[in-house]
file final-v1.txt (compact mmCIF, C-alpha atoms and all ligand atoms)
# COMPACT_ATOMS: atom_id res chain seq x y z
CA MET A 1 -55.44 -64.11 30.96
CA ALA A 2 -57.96 -66.77 31.85
CA THR A 3 -57.40 -69.06 34.82
CA LEU A 4 -58.75 -72.58 35.08
CA ASP A 5 -61.70 -71.17 37.05
CA ASP A 6 -62.82 -69.31 33.91
CA LEU A 7 -62.98 -72.45 31.75
CA PRO A 8 -65.92 -74.85 31.44
CA LEU A 9 -64.10 -77.70 33.19
CA ARG A 10 -66.01 -80.90 33.99
CA PRO A 11 -67.60 -80.22 37.42
CA ASP A 12 -66.13 -83.37 38.95
CA LEU A 13 -62.61 -82.11 38.18
CA VAL A 14 -63.08 -78.67 39.78
CA GLY A 15 -60.70 -78.19 42.71
CA LYS A 16 -58.68 -81.34 41.94
CA LYS A 17 -54.89 -81.14 42.31
CA PRO A 18 -52.61 -82.69 39.66
CA TYR A 19 -49.96 -85.30 40.51
CA GLY A 20 -47.06 -83.18 41.65
CA ALA A 21 -43.86 -84.81 42.91
CA PRO A 22 -41.25 -82.01 42.73
CA GLN A 23 -38.52 -82.40 40.08
CA ASP A 24 -35.20 -80.75 41.03
CA ALA A 25 -32.64 -81.39 38.30
CA ALA A 26 -29.69 -80.57 40.57
CA SER A 27 -30.73 -82.69 43.51
CA ILE A 28 -30.11 -86.20 44.66
CA ASN A 29 -33.55 -87.55 43.84
CA LEU A 30 -34.78 -89.95 46.48
CA ASN A 31 -38.44 -89.07 45.98
CA VAL A 32 -39.99 -91.09 43.14
CA ASN A 33 -38.55 -94.58 43.71
CA GLU A 34 -36.45 -94.69 40.56
CA ASN A 35 -33.52 -97.06 40.14
CA PRO A 36 -30.57 -94.69 40.78
CA HIS A 37 -28.18 -96.68 38.58
CA PRO A 38 -27.84 -95.62 34.93
CA ILE A 39 -28.37 -98.12 32.07
CA PRO A 40 -25.24 -100.30 31.66
CA GLU A 41 -23.26 -99.20 28.61
CA GLU A 42 -23.49 -102.44 26.61
CA VAL A 43 -27.27 -102.45 27.02
CA ALA A 44 -27.49 -98.79 26.05
CA ALA A 45 -25.53 -99.49 22.87
CA ASP A 46 -27.87 -102.32 21.87
CA ILE A 47 -30.94 -100.15 22.55
CA VAL A 48 -29.49 -97.30 20.48
CA SER A 49 -28.87 -99.57 17.50
CA SER A 50 -32.46 -100.88 17.70
CA LEU A 51 -33.74 -97.31 17.82
CA ALA A 52 -31.60 -96.33 14.83
CA THR A 53 -33.29 -99.00 12.70
CA GLU A 54 -36.75 -97.85 13.79
CA VAL A 55 -36.05 -94.19 13.09
CA THR A 56 -35.42 -94.92 9.40
CA ARG A 57 -38.96 -96.34 9.08
CA ALA A 58 -40.76 -93.90 11.35
CA ASN A 59 -42.83 -92.67 8.38
CA ARG A 60 -45.01 -95.74 9.08
CA TYR A 61 -47.28 -96.30 12.09
CA PRO A 62 -45.88 -98.77 14.62
CA ASP A 63 -47.09 -102.37 15.14
CA ARG A 64 -50.46 -101.59 16.72
CA ASP A 65 -50.53 -104.78 18.79
CA PHE A 66 -46.80 -104.73 19.66
CA GLY A 67 -46.55 -108.53 19.45
CA GLU A 68 -42.79 -108.75 19.83
CA LEU A 69 -42.79 -106.58 22.96
CA ARG A 70 -45.62 -108.65 24.44
CA GLU A 71 -43.71 -111.84 23.68
CA SER A 72 -40.59 -110.42 25.33
CA LEU A 73 -42.60 -109.45 28.40
CA ALA A 74 -44.24 -112.90 28.58
CA ARG A 75 -40.82 -114.54 28.42
CA TYR A 76 -39.51 -112.21 31.13
CA LEU A 77 -42.43 -112.97 33.49
CA GLY A 78 -42.47 -116.73 32.92
CA HIS A 79 -45.31 -118.50 34.82
CA GLY A 80 -46.41 -120.08 31.51
CA LEU A 81 -47.73 -116.75 30.22
CA THR A 82 -47.91 -116.12 26.47
CA VAL A 83 -48.39 -113.12 24.22
CA ASP A 84 -52.21 -113.42 24.66
CA ASN A 85 -51.84 -112.85 28.41
CA LEU A 86 -49.82 -109.66 28.04
CA TRP A 87 -50.61 -106.01 27.41
CA ALA A 88 -48.41 -102.91 27.61
CA ALA A 89 -48.80 -99.14 27.71
CA ASN A 90 -46.87 -95.95 28.38
CA GLY A 91 -46.16 -96.70 32.03
CA SER A 92 -48.32 -98.71 34.39
CA ASN A 93 -50.20 -95.48 35.11
CA GLU A 94 -51.60 -95.75 31.59
CA ILE A 95 -52.28 -99.44 32.17
CA LEU A 96 -54.34 -98.60 35.25
CA GLN A 97 -56.12 -95.81 33.38
CA GLN A 98 -57.08 -98.26 30.63
CA VAL A 99 -58.33 -100.76 33.24
CA LEU A 100 -60.51 -97.99 34.71
CA GLN A 101 -61.72 -96.93 31.27
CA ALA A 102 -62.77 -100.49 30.51
CA PHE A 103 -64.14 -101.63 33.87
CA GLY A 104 -64.79 -98.40 35.81
CA GLY A 105 -66.35 -95.11 34.73
CA PRO A 106 -69.52 -93.23 35.74
CA GLY A 107 -71.73 -95.24 38.10
CA ARG A 108 -68.87 -97.59 38.95
CA SER A 109 -66.36 -97.65 41.79
CA LEU A 110 -62.73 -98.32 42.63
CA LEU A 111 -61.69 -99.51 46.10
CA SER A 112 -58.20 -99.55 47.53
CA PHE A 113 -56.58 -99.68 50.96
CA VAL A 114 -55.08 -96.38 52.08
CA PRO A 115 -52.50 -94.99 52.47
CA THR A 116 -51.58 -96.26 49.02
CA TYR A 117 -50.39 -95.02 45.63
CA SER A 118 -51.56 -91.42 45.18
CA MET A 119 -52.45 -91.92 41.51
CA TYR A 120 -55.40 -94.24 42.20
CA PRO A 121 -57.81 -91.46 43.25
CA LEU A 122 -56.56 -89.26 40.39
CA LEU A 123 -57.14 -92.02 37.84
CA ALA A 124 -60.58 -92.59 39.36
CA SER A 125 -61.52 -88.92 39.03
CA GLY A 126 -60.12 -88.71 35.49
CA THR A 127 -62.36 -91.59 34.42
CA GLY A 128 -65.42 -90.52 36.45
CA THR A 129 -65.11 -93.55 38.72
CA GLU A 130 -66.16 -93.33 42.38
CA TRP A 131 -63.14 -93.64 44.71
CA ILE A 132 -63.56 -95.76 47.86
CA PRO A 133 -60.55 -95.44 50.19
CA VAL A 134 -60.53 -98.08 52.94
CA PRO A 135 -58.09 -97.35 55.80
CA ARG A 136 -55.37 -99.84 56.71
CA GLY A 137 -54.52 -100.65 60.34
CA THR A 138 -52.16 -98.46 62.38
CA ASP A 139 -49.05 -100.30 61.17
CA PHE A 140 -50.46 -100.19 57.59
CA SER A 141 -51.03 -103.93 57.50
CA LEU A 142 -54.37 -105.37 56.60
CA SER A 143 -55.90 -108.58 57.82
CA ALA A 144 -57.67 -110.85 55.36
CA GLU A 145 -60.85 -110.47 57.46
CA ASP A 146 -60.81 -106.67 57.24
CA ALA A 147 -59.99 -106.66 53.52
CA VAL A 148 -62.77 -109.14 52.77
CA ALA A 149 -65.26 -107.26 54.96
CA ALA A 150 -64.52 -103.98 53.14
CA VAL A 151 -65.00 -105.54 49.71
CA ARG A 152 -68.21 -107.26 50.86
CA ALA A 153 -69.57 -104.00 52.28
CA HIS A 154 -68.75 -101.76 49.30
CA THR A 155 -69.08 -104.23 46.37
CA PRO A 156 -66.61 -102.23 44.23
CA ASP A 157 -66.39 -102.78 40.47
CA ILE A 158 -62.60 -102.67 40.74
CA THR A 159 -60.32 -103.38 43.69
CA ILE A 160 -56.64 -102.42 43.46
CA ILE A 161 -54.16 -104.04 45.78
CA CYS A 162 -50.73 -102.49 45.73
CA THR A 163 -48.11 -105.00 46.93
CA PRO A 164 -45.51 -104.16 48.10
CA ASN A 165 -47.65 -101.14 48.90
CA ASN A 166 -46.42 -97.67 47.99
CA PRO A 167 -45.74 -95.65 50.19
CA THR A 168 -45.70 -98.04 53.16
CA GLY A 169 -43.69 -100.95 51.72
CA THR A 170 -46.18 -103.50 53.12
CA PRO A 171 -46.62 -106.73 51.14
CA MET A 172 -50.02 -108.42 50.95
CA PRO A 173 -50.10 -112.19 51.43
CA LEU A 174 -51.48 -114.21 48.51
CA ASP A 175 -54.05 -115.76 50.86
CA THR A 176 -55.59 -112.32 51.36
CA ILE A 177 -55.70 -111.68 47.61
CA ARG A 178 -57.31 -115.08 47.05
CA ALA A 179 -59.92 -114.44 49.76
CA LEU A 180 -60.64 -110.99 48.39
CA TYR A 181 -61.06 -112.28 44.84
CA ASP A 182 -63.54 -114.87 46.05
CA VAL A 183 -65.91 -112.29 47.58
CA THR A 184 -66.17 -109.93 44.60
CA ASN A 185 -67.64 -110.17 41.14
CA GLY A 186 -65.53 -107.19 40.11
CA ILE A 187 -62.05 -106.82 38.70
CA VAL A 188 -59.11 -107.30 41.08
CA VAL A 189 -55.90 -105.55 40.05
CA VAL A 190 -52.68 -106.37 41.84
CA ASP A 191 -50.22 -103.52 41.32
CA GLU A 192 -46.78 -105.14 41.54
CA ALA A 193 -44.71 -102.10 40.53
CA TYR A 194 -42.06 -103.12 43.09
CA ALA A 195 -42.26 -106.92 42.80
CA GLU A 196 -38.59 -107.37 41.83
CA PHE A 197 -37.46 -105.77 45.08
CA GLY A 198 -39.36 -108.25 47.24
CA SER A 199 -37.46 -110.46 49.65
CA GLU A 200 -37.41 -114.23 49.25
CA ALA A 201 -40.71 -114.49 51.10
CA TYR A 202 -42.47 -112.20 48.63
CA GLU A 203 -44.89 -114.05 46.36
CA SER A 204 -46.17 -112.64 43.08
CA ALA A 205 -49.87 -112.79 42.30
CA LEU A 206 -48.88 -114.08 38.84
CA THR A 207 -49.17 -117.54 40.38
CA LEU A 208 -52.87 -116.87 41.03
CA LEU A 209 -53.79 -116.05 37.42
CA PRO A 210 -54.81 -119.53 36.21
CA GLY A 211 -58.56 -119.94 36.68
CA ARG A 212 -59.11 -116.36 37.85
CA ASP A 213 -60.46 -114.46 34.84
CA ARG A 214 -61.09 -111.19 36.72
CA LEU A 215 -57.58 -110.98 38.18
CA LEU A 216 -55.05 -108.62 36.57
CA VAL A 217 -51.42 -108.14 37.57
CA SER A 218 -49.84 -104.79 36.72
CA ARG A 219 -46.06 -104.36 36.45
CA THR A 220 -43.69 -101.64 35.25
CA MET A 221 -40.23 -101.25 33.77
CA SER A 222 -39.90 -97.92 35.64
CA LYS A 223 -38.63 -99.13 38.99
CA ALA A 224 -36.37 -102.19 39.33
CA PHE A 225 -35.83 -102.28 35.56
CA ALA A 226 -34.26 -98.79 35.54
CA PHE A 227 -36.36 -97.64 32.58
CA ALA A 228 -38.60 -94.89 34.02
CA GLY A 229 -37.74 -92.44 31.23
CA VAL A 230 -38.95 -94.75 28.47
CA ARG A 231 -42.46 -95.24 29.92
CA ILE A 232 -43.35 -98.93 29.69
CA GLY A 233 -45.83 -100.56 32.02
CA TYR A 234 -47.53 -103.88 31.42
CA LEU A 235 -50.37 -106.09 32.48
CA ALA A 236 -50.76 -109.86 32.77
CA GLY A 237 -54.18 -111.42 32.75
CA ASN A 238 -56.68 -113.64 31.07
CA PRO A 239 -56.89 -113.11 27.25
CA ALA A 240 -60.47 -111.82 27.63
CA ALA A 241 -59.26 -109.02 29.90
CA ILE A 242 -56.60 -108.16 27.34
CA ASP A 243 -59.43 -107.92 24.74
CA ALA A 244 -61.00 -105.24 26.93
CA MET A 245 -57.82 -103.16 26.74
CA HIS A 246 -58.14 -103.11 22.95
CA LEU A 247 -61.48 -101.31 23.30
CA VAL A 248 -60.13 -98.33 25.21
CA ARG A 249 -56.53 -97.82 24.06
CA LEU A 250 -55.71 -95.19 21.49
CA PRO A 251 -54.59 -96.70 18.18
CA TYR A 252 -50.79 -97.00 18.03
CA HIS A 253 -50.46 -95.89 21.67
CA LEU A 254 -46.98 -97.44 21.96
CA SER A 255 -44.53 -95.73 19.62
CA ALA A 256 -42.14 -97.75 17.48
CA LEU A 257 -39.28 -96.26 19.51
CA THR A 258 -40.84 -97.33 22.81
CA GLN A 259 -41.44 -100.84 21.52
CA ALA A 260 -37.89 -101.17 20.16
CA ALA A 261 -36.34 -99.85 23.37
CA GLY A 262 -38.41 -102.23 25.48
CA ILE A 263 -37.60 -105.28 23.36
CA ALA A 264 -33.88 -104.46 23.39
CA ALA A 265 -33.83 -103.85 27.16
CA LEU A 266 -35.65 -107.12 27.83
CA ARG A 267 -32.95 -108.97 25.87
CA HIS A 268 -30.66 -107.85 28.72
CA SER A 269 -33.02 -108.29 31.65
CA THR A 270 -30.38 -109.87 33.90
CA THR A 271 -28.01 -106.94 33.36
CA MET A 272 -30.82 -104.42 33.72
CA LEU A 273 -31.75 -105.93 37.09
CA ALA A 274 -28.16 -106.31 38.29
CA ALA A 275 -28.45 -103.49 40.86
CA VAL A 276 -31.57 -104.84 42.54
CA GLY A 277 -29.64 -106.90 45.10
CA ALA A 278 -27.51 -103.91 46.07
CA MET A 279 -30.64 -101.78 46.35
CA ARG A 280 -32.20 -104.32 48.74
CA ASP A 281 -29.06 -104.08 50.87
CA GLU A 282 -29.33 -100.28 50.88
CA ARG A 283 -32.96 -100.57 51.97
CA VAL A 284 -31.86 -102.64 54.96
CA ARG A 285 -29.09 -100.14 55.75
CA ILE A 286 -31.49 -97.16 55.62
CA ALA A 287 -34.02 -98.95 57.82
CA ARG A 288 -31.37 -99.81 60.44
CA ALA A 289 -29.82 -96.36 60.49
CA LEU A 290 -33.15 -94.50 60.74
CA SER A 291 -34.26 -96.87 63.45
CA ASP A 292 -31.01 -96.24 65.38
CA MET A 293 -31.76 -92.50 65.10
CA GLY A 294 -35.06 -93.14 66.87
CA TYR A 295 -37.44 -93.03 63.92
CA THR A 296 -40.20 -95.62 63.53
CA VAL A 297 -39.35 -97.58 60.40
CA HIS A 298 -42.04 -99.54 58.57
CA PRO A 299 -40.83 -102.87 57.15
CA SER A 300 -40.58 -102.45 53.36
CA GLU A 301 -40.37 -104.87 50.46
CA GLY A 302 -39.97 -102.00 47.97
CA ASN A 303 -37.02 -99.77 47.06
CA PHE A 304 -38.14 -97.16 49.56
CA VAL A 305 -38.59 -96.80 53.29
CA LEU A 306 -41.44 -95.06 55.10
CA PHE A 307 -40.47 -93.75 58.52
CA GLY A 308 -42.53 -92.17 61.28
CA GLY A 309 -41.80 -90.29 64.47
CA VAL A 310 -40.88 -87.18 62.46
CA SER A 311 -41.99 -84.21 64.55
CA ASN A 312 -42.16 -81.81 61.60
CA PRO A 313 -42.09 -83.64 58.25
CA GLN A 314 -42.36 -80.42 56.24
CA ALA A 315 -39.33 -78.91 58.05
CA THR A 316 -37.23 -82.07 57.62
CA PHE A 317 -38.23 -82.30 53.95
CA GLU A 318 -37.28 -78.65 53.36
CA ALA A 319 -34.01 -78.86 55.31
CA LEU A 320 -32.90 -81.84 53.21
CA ARG A 321 -34.08 -80.19 50.01
CA GLY A 322 -32.01 -77.13 50.91
CA GLN A 323 -28.99 -79.45 50.97
CA GLY A 324 -29.81 -80.92 47.60
CA ILE A 325 -31.55 -84.09 48.77
CA LEU A 326 -35.12 -84.60 47.65
CA ILE A 327 -37.23 -87.11 49.61
CA ARG A 328 -41.03 -87.38 49.81
CA ASP A 329 -43.69 -86.00 52.09
CA VAL A 330 -46.49 -88.44 51.28
CA GLY A 331 -49.02 -86.65 53.46
CA ILE A 332 -49.08 -89.18 56.30
CA PRO A 333 -48.84 -87.19 59.55
CA GLY A 334 -45.42 -87.56 61.20
CA HIS A 335 -43.98 -89.55 58.29
CA LEU A 336 -41.62 -89.21 55.34
CA ARG A 337 -40.61 -91.63 52.59
CA VAL A 338 -37.13 -91.99 51.16
CA SER A 339 -36.19 -93.97 48.05
CA VAL A 340 -33.11 -96.19 48.00
CA GLY A 341 -30.26 -94.38 46.26
CA THR A 342 -26.80 -95.48 45.28
CA HIS A 343 -24.54 -96.36 48.20
CA SER A 344 -23.05 -92.85 48.28
CA GLU A 345 -26.42 -91.10 47.87
CA THR A 346 -27.82 -93.15 50.72
CA SER A 347 -24.79 -92.35 52.89
CA LEU A 348 -25.23 -88.63 52.25
CA PHE A 349 -28.94 -88.79 53.09
CA LEU A 350 -28.24 -90.65 56.34
CA GLU A 351 -25.46 -88.23 57.28
CA LYS A 352 -27.66 -85.16 56.67
CA ILE A 353 -30.79 -86.43 58.39
CA ALA A 354 -28.74 -87.46 61.42
CA GLN A 355 -27.83 -83.79 61.87
CA LEU A 356 -31.46 -82.65 61.90
CA PRO A 357 -33.77 -82.51 64.92
CA ARG A 358 -36.06 -85.51 64.96
C1 LIG B 401 -44.32 -95.87 40.25
C2 LIG B 401 -45.59 -96.62 40.40
C3 LIG B 401 -46.39 -96.95 39.29
C4 LIG B 401 -46.25 -96.46 37.91
O1 LIG B 401 -45.18 -96.20 37.31
P1 LIG B 401 -45.09 -96.05 35.73
O2 LIG B 401 -43.84 -95.28 35.62
O3 LIG B 401 -46.30 -95.32 35.23
O4 LIG B 401 -45.03 -97.43 35.21
C5 LIG B 401 -47.51 -97.73 39.48
N1 LIG B 401 -47.85 -98.15 40.68
C6 LIG B 401 -47.14 -97.83 41.75
C7 LIG B 401 -47.58 -98.33 43.06
C8 LIG B 401 -46.00 -97.05 41.65
O5 LIG B 401 -45.34 -96.71 42.75

call {"tool": "encode", "arguments": {"input": "final-v1.txt", "output": "structure tokens", "more": "lines below"}}
Ligand SMILES: *Cc1c(COP(=O)(O)O)cnc(C)c1O
result
Amino acid sequence: MATLDDLPLRPDLVGKKPYGAPQDAASINLNVNENPHPIPEEVAADIVSSLATEVTRANRYPDRDFGELRESLARYLGHGLTVDNLWAANGSNEILQQVLQAFGGPGRSLLSFVPTYSMYPLLASGTGTEWIPVPRGTDFSLSAEDAVAAVRAHTPDITIICTPNNPTGTPMPLDTIRALYDVTNGIVVVDEAYAEFGSEAYESALTLLPGRDRLLVSRTMSKAFAFAGVRIGYLAGNPAAIDAMHLVRLPYHLSALTQAAGIAALRHSTTMLAAVGAMRDERVRIARALSDMGYTVHPSEGNFVLFGGVSNPQATFEALRGQGILIRDVGIPGHLRVSVGTHSETSLFLEKIAQLPR
């Protein structure tokens, strides 16, 4: 049997590791920042009836430009956006891949501020784009001066700003994004996967879109919207940037079932987002409790908490996993990340970690 080493793989992919968050079916999963609350029954029923209609005509290709889904997404986002400002794909990972296919690639570069979302370097390598990781400060914040200096020094073709940042939870002020945009001729992507979890002070970069043709805001239905299994991510930007997405997407990349499910779910956006407030409260509870236990908790605007002061992250991760609780070792020395669960899941996590050596 051949191994990967025996195959004529592209040289730039040799030795690369795939994305690999563990999936334990039996565990309490607090490792991939999902919404732990299932789809409310009345919404599920409406989605199912939409799907039933689509199944009977699945002999035909789906609407290639998914106009109704884009309209629904524009309505959901507000900010005066219309169908021409919206794009969607199978998760915001695919959105980011398409952005890299259109604006990155061989001879081009992608800059981001690390630690950040682990998919960025993988998407860069998959598209042959040079990856430029710029370190954040010790508390994972980033001053506008440092961000601007890094972009000036490296002149990247694409800059991705993740805000609130995964895995640290750190938001990036709009002033910094504005300043950063002004010093680059490249594309600036703001990854707002966790925007709905932001506190009142959190400001979306959607407000910056008018007059900024190279700015793109990426969102997802996977996190706050409790729709990770369906795979819908989306992008808001200038219509010209949306034209670029048409050049690189596969024809009919969004199935008729995906489109129908998304449209139906967006009809119930208030219900779908009903748990977000409770999840914010759980985030606060986790942060307080871990802090009382002596861990260093990083302020988070997402549905997860990064905590430091863990003497042996691997041992703590494994001890919790052995008790059926899956959290995340994100590879930051002395740190672990835990996603907000339901109230009872969170209680169990806090009870178990309190019993472990720090
Ligand atoms: C989860 C996540 C995504 C992507 O999720 P999809 O399920 O592909 O939409 C994108 N960016 C960040 C920062 C994330 O944490």

call {"tool": "closest_residue", "arguments": {"input": "final-v1.txt", "among": "A:Val48, A:Ala21, A:Leu336, A:Leu257", "to": "ligand LIG 401 (chain B)", "atoms": "only C-alpha atoms and all ligand atoms"}}
result
A:Ala21

call {"tool": "atom_distance", "arguments": {"input": "final-v1.txt", "atom1": "CA of Phe197 (chain A)", "atom2": "CA of Tyr120 (chain A)"}}
result
21.5 Å

call {"tool": "residues_near_ligand", "arguments": {"input": "final-v1.txt", "ligand": "ligand LIG 401 (chain B)", "cutoff": "9 Å", "atoms": "all atoms listed in the file", "output": "VMD selection string"}}
result
chain A and resid 32 to 34 89 to 96 116 to 120 162 to 167 191 to 194 218 to 223 227 to 234

call {"tool": "write_last_selection", "arguments": {"input": "final-v1.txt", "atoms": "C-alpha atoms", "output": "short mmCIF file (atom, residue, chain, number, x, y, z; two decimals), keeping the file's coordinate frame"}}
result
data_model
loop_
_atom_site.label_atom_id
_atom_site.label_comp_id
_atom_site.auth_asym_id
_atom_site.auth_seq_id
_atom_site.Cartn_x
_atom_site.Cartn_y
_atom_site.Cartn_z
CA VAL A 32 -39.99 -91.09 43.14
CA ASN A 33 -38.55 -94.58 43.71
CA GLU A 34 -36.45 -94.69 40.56
CA ALA A 89 -48.80 -99.14 27.71
CA ASN A 90 -46.87 -95.95 28.38
CA GLY A 91 -46.16 -96.70 32.03
CA SER A 92 -48.32 -98.71 34.39
CA ASN A 93 -50.20 -95.48 35.11
CA GLU A 94 -51.60 -95.75 31.59
CA ILE A 95 -52.28 -99.44 32.17
CA LEU A 96 -54.34 -98.60 35.25
CA THR A 116 -51.58 -96.26 49.02
CA TYR A 117 -50.39 -95.02 45.63
CA SER A 118 -51.56 -91.42 45.18
CA MET A 119 -52.45 -91.92 41.51
CA TYR A 120 -55.40 -94.24 42.20
CA CYS A 162 -50.73 -102.49 45.73
CA THR A 163 -48.11 -105.00 46.93
CA PRO A 164 -45.51 -104.16 48.10
CA ASN A 165 -47.65 -101.14 48.90
CA ASN A 166 -46.42 -97.67 47.99
CA PRO A 167 -45.74 -95.65 50.19
CA ASP A 191 -50.22 -103.52 41.32
CA GLU A 192 -46.78 -105.14 41.54
CA ALA A 193 -44.71 -102.10 40.53
CA TYR A 194 -42.06 -103.12 43.09
CA SER A 218 -49.84 -104.79 36.72
CA ARG A 219 -46.06 -104.36 36.45
CA THR A 220 -43.69 -101.64 35.25
CA MET A 221 -40.23 -101.25 33.77
CA SER A 222 -39.90 -97.92 35.64
CA LYS A 223 -38.63 -99.13 38.99
CA PHE A 227 -36.36 -97.64 32.58
CA ALA A 228 -38.60 -94.89 34.02
CA GLY A 229 -37.74 -92.44 31.23
CA VAL A 230 -38.95 -94.75 28.47
CA ARG A 231 -42.46 -95.24 29.92
CA ILE A 232 -43.35 -98.93 29.69
CA GLY A 233 -45.83 -100.56 32.02
CA TYR A 234 -47.53 -103.88 31.42
#

call {"tool": "residues_around", "arguments": {"input": "final-v1.txt", "residues": "region 296-305 of chain A", "least_positions_apart": "2", "cutoff": "10 Å", "atoms": "all atoms listed in the file", "output": "PyMOL selection string"}}
result
chain A and resi 30-35+139-140+163-171+192-202+223-224+276+279-284+286-294+307-310+334-341

call {"tool": "closest_residue", "arguments": {"input": "final-v1.txt", "among": "A:Gly80, A:Gln323, A:Leu73, A:Pro11", "to": "Ala264 (chain A)", "atoms": "all atoms listed in the file"}}
result
A:Leu73

call {"tool": "atom_distance", "arguments": {"input": "final-v1.txt", "atom1": "CA of Leu13 (chain A)", "atom2": "CA of Met1 (chain A)"}}
result
20.7 Å

call {"tool": "atom_distance", "arguments": {"input": "final-v1.txt", "atom1": "CA of Thr342 (chain A)", "atom2": "CA of Val217 (chain A)"}}
result
28.7 Å

call {"tool": "residues_around", "arguments": {"input": "final-v1.txt", "residues": "Leu206 (chain A)", "least_positions_apart": "3", "cutoff": "9 Å", "atoms": "only C-alpha atoms", "output": "list in words"}}
result
Leu77, His79, Glu203, Leu209, Pro210, Leu216, Val217, Ala236 and Gly237 of chain A

call {"tool": "write_last_selection", "arguments": {"input": "final-v1.txt", "atoms": "C-alpha atoms", "output": "compact mmCIF listing (two decimals), keeping the file's coordinate frame"}}
result
# COMPACT_ATOMS: atom_id res chain seq x y z
CA LEU A 77 -42.43 -112.97 33.49
CA HIS A 79 -45.31 -118.50 34.82
CA GLU A 203 -44.89 -114.05 46.36
CA LEU A 209 -53.79 -116.05 37.42
CA PRO A 210 -54.81 -119.53 36.21
CA LEU A 216 -55.05 -108.62 36.57
CA VAL A 217 -51.42 -108.14 37.57
CA ALA A 236 -50.76 -109.86 32.77
CA GLY A 237 -54.18 -111.42 32.75

call {"tool": "residues_around", "arguments": {"input": "final-v1.txt", "residues": "region 55-68 of chain A", "least_positions_apart": "2", "cutoff": "9 Å", "atoms": "all atoms listed in the file", "output": "number ranges by chain"}}
result
A: 50-53, 70-73, 83, 87-88, 246, 251-257, 259, 263

call {"tool": "closest_residue", "arguments": {"input": "final-v1.txt", "among": "A:Gln97, A:Ala179, A:Lys17, A:Ile39", "to": "Met245 (chain A)", "atoms": "all atoms listed in the file"}}
result
A:Gln97

call {"tool": "closest_residue", "arguments": {"input": "final-v1.txt", "among": "A:His268, A:Met172, A:Ala149, A:Asp24", "to": "Ser204 (chain A)", "atoms": "all atoms listed in the file"}}
result
A:Met172

call {"tool": "residues_near_point", "arguments": {"input": "final-v1.txt", "point": "(-64.2, -97.4, 49.5)", "cutoff": "9 Å", "atoms": "all atoms listed in the file", "output": "number ranges by chain"}}
result
A: 109-113, 130-135, 150-151, 153-156

call {"tool": "closest_residue", "arguments": {"input": "final-v1.txt", "among": "A:Phe103, A:Thr127, A:Arg108, A:Phe225", "to": "Val189 (chain A)", "atoms": "all atoms listed in the file"}}
result
A:Phe103

call {"tool": "closest_residue", "arguments": {"input": "final-v1.txt", "among": "A:Ile332, A:Leu356, A:Ala45, A:Leu180", "to": "Ala319 (chain A)", "atoms": "all atoms listed in the file"}}
result
A:Leu356

call {"tool": "axis_aligned_box", "arguments": {"input": "final-v1.txt", "around": "region 68-84 of chain A", "padding_each_side": "4 Å", "output": "lines of an AutoDock Vina configuration file"}}
result
center_x = -45.9
center_y = -113.3
center_z = 27.3
size_x = 20.7
size_y = 21.5
size_z = 23.0

call {"tool": "residues_near_point", "arguments": {"input": "final-v1.txt", "point": "(-26.4, -98.7, 31.2)", "cutoff": "12 Å", "atoms": "all atoms listed in the file", "output": "PyMOL selection string"}}
result
chain A and resi 35-48+225-227+265+268-269+271-275

call {"tool": "decode", "arguments": {"input": "final-v1.txt", "residues": "region 124-145 of chain A", "atoms": "C-alpha atoms", "output": "mmCIF file, in the first residue's frame"}}
result
data_model
loop_
_atom_site.group_PDB
_atom_site.id
_atom_site.type_symbol
_atom_site.label_atom_id
_atom_site.label_comp_id
_atom_site.auth_asym_id
_atom_site.auth_seq_id
_atom_site.Cartn_x
_atom_site.Cartn_y
_atom_site.Cartn_z
ATOM 1 C CA ALA A 124 -2.647 29.951 1.955
ATOM 2 C CA SER A 125 -0.719 26.745 1.290
ATOM 3 C CA GLY A 126 -3.628 25.177 -0.595
ATOM 4 C CA THR A 127 -3.709 28.144 -2.963
ATOM 5 C CA GLY A 128 0.078 28.573 -3.231
ATOM 6 C CA THR A 129 -0.062 31.909 -1.415
ATOM 7 C CA GLU A 130 2.837 33.016 0.799
ATOM 8 C CA TRP A 131 1.801 33.121 4.487
ATOM 9 C CA ILE A 132 3.046 36.062 6.575
ATOM 10 C CA PRO A 133 2.265 35.583 10.287
ATOM 11 C CA VAL A 134 2.759 38.773 12.316
ATOM 12 C CA PRO A 135 2.853 38.227 16.108
ATOM 13 C CA ARG A 136 0.397 40.018 18.391
ATOM 14 C CA GLY A 137 1.481 41.536 21.711
ATOM 15 C CA THR A 138 1.750 39.443 24.881
ATOM 16 C CA ASP A 139 -1.915 39.932 25.782
ATOM 17 C CA PHE A 140 -2.845 39.221 22.113
ATOM 18 C CA SER A 141 -3.933 42.793 21.506
ATOM 19 C CA LEU A 142 -2.553 44.790 18.646
ATOM 20 C CA SER A 143 -1.998 48.512 18.492
ATOM 21 C CA ALA A 144 -2.966 50.399 15.350
ATOM 22 C CA GLU A 145 0.683 51.518 15.031
#
